[in-house]
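Below is one structure, written out as structure tokens; the observations come after it.
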Amino acid sequence: MAQFKVVSSRLAGHPQGSLVSETDLEGANISALVEAGHIASIGSKPSKIKDQKEQE
Amino acid sequence: MAIIAFKDVSVTINSVDLSDHANSATLTYEIEQQDATTMGGNRSFVGGIQNNTLEVTMYQDFAASEVEATIFPLVGTQTTVVLKPTSSVVGADNPSYTLADCFLSSHTPIAAGDVGATSPVTLTFTGGTLTKATS
């Protein structure tokens, strides 16, 4: 599930800097929120295998 | 319970709180009446489908993440709008009205009137499903 970082101070119930998922934004037009600069996609979470390789 | 004068209506459009730019909001909840009159009876109606309208007026603001940035991408799409009589927590005396999947067909980004005047933007959301919550 896609996650987003809240980048504006106007998103109801979600403070700036917090993370939200599509579920948190149910009913909202997510692409419009991105275009308006309220949220930004943070991509997918890195896998554990990738994390381990980076540590090596 | 007291008579209320609207001074602090909460307006959230597409999860974005624009209350501090809004100065008017009118929500009309309608169930279409369908004729169910039968021979020998008087005119009779039954409830059909919801046909809701929400009109919001707010002052235009072109700054980042403000009115224009929020509204422009919504034209021609469905979204959710939430209204509350006040910005306080939802309760029996402060119900929330959620109009989900309502459609915004038009927007007037620049509505310049008289020189020096503010620029109000009136948005009309139509359709959708209205629900009321008191908790």
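In the structure tokens, the first chain shown is A, the next is B, and so on; residue numbers restart at 1 for each chain, and ligands run from 1 in the order shown.
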Identify every residue of chain B that has at least one atom within 6 Å of any atom of chain A, counting only C-alpha atoms, and report the result as a ChimeraX atom specification.
/B:14-17,65,69-70,73,79-80
I want to know what sits within 10 Å of range 125-129 of chain B, based on only C-alpha atoms, with residues of the same chain fewer than 5 positions away left out; could you give that as a ChimeraX atom specification?
/B:27-30,49-56,75,78-81,98-106
Might you pull out every residue within 8 Å of range 41-43 of chain A, with only C-alpha atoms counted and same-chain residues fewer than 5 positions away left off, and present them as an MDAnalysis selection string?
chainID A and resid 2:5 34
Residues from the last selection, N, CA and C atoms, saved as a PDB file, in the first residue's frame:
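Contents of the output file part18.pdb:
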```
ATOM      1  N   ALA A   2       0.508   2.186  -0.859  1.00  0.00           N
ATOM      2  CA  ALA A   2       1.312   3.398  -0.987  1.00  0.00           C
ATOM      3  C   ALA A   2       1.237   4.241   0.281  1.00  0.00           C
ATOM      4  N   GLN A   3       2.365   4.829   0.606  1.00  0.00           N
ATOM      5  CA  GLN A   3       2.412   5.730   1.757  1.00  0.00           C
ATOM      6  C   GLN A   3       2.821   7.112   1.289  1.00  0.00           C
ATOM      7  N   PHE A   4       2.397   8.100   2.043  1.00  0.00           N
ATOM      8  CA  PHE A   4       2.658   9.485   1.679  1.00  0.00           C
ATOM      9  C   PHE A   4       3.111  10.259   2.911  1.00  0.00           C
ATOM     10  N   LYS A   5       3.927  11.256   2.662  1.00  0.00           N
ATOM     11  CA  LYS A   5       4.321  12.156   3.739  1.00  0.00           C
ATOM     12  C   LYS A   5       3.485  13.421   3.636  1.00  0.00           C
ATOM     13  N   VAL A  34      -1.772  15.254  -4.012  1.00  0.00           N
ATOM     14  CA  VAL A  34      -0.363  15.279  -4.405  1.00  0.00           C
ATOM     15  C   VAL A  34      -0.093  16.517  -5.255  1.00  0.00           C
TER      16      VAL A  34
END
```
B:Thr37, B:Thr26, B:Ser88, B:Ser135 ranked by distance to Thr122 in chain B, top pick (using only C-alpha atoms)
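Answer, going by the shortest atom-to-atom distance: B:Thr26.
The spacing separating CA of His107 in chain B from CA of Ala40 in chain A amounts to 24.4 Å.
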To one decimal in Å, tell me the separation between CA of Ser21 in chain A and CA of Val11 in chain B.
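Taking CA of Ser21 in chain A and CA of Val11 in chain B, their separation equals 22.2 Å.
Here CA of Ala111 in chain B stands at a distance of 21.9 Å from CA of Thr12 in chain B.
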Which of chain B end up as alpha helix (DSSP H) when DSSP is run on this backbone - answer as a ChimeraX atom specification?
/B:67-71
Per DSSP on the backbone, filter chain B down to the residues in strand (DSSP E) and report them as a PyMOL selection string.
chain B and resi 10-13+16-17+22-28+31-35+45-50+53-59+77-84+96-104+120-126+129-133
Taking into account only C-alpha atoms, which residue in the set B:Ile3, B:Leu18, B:Leu130, B:Val9 is nearest to Met58 in chain B?
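For Met58 in chain B, the nearest of the candidates is B:Leu18.
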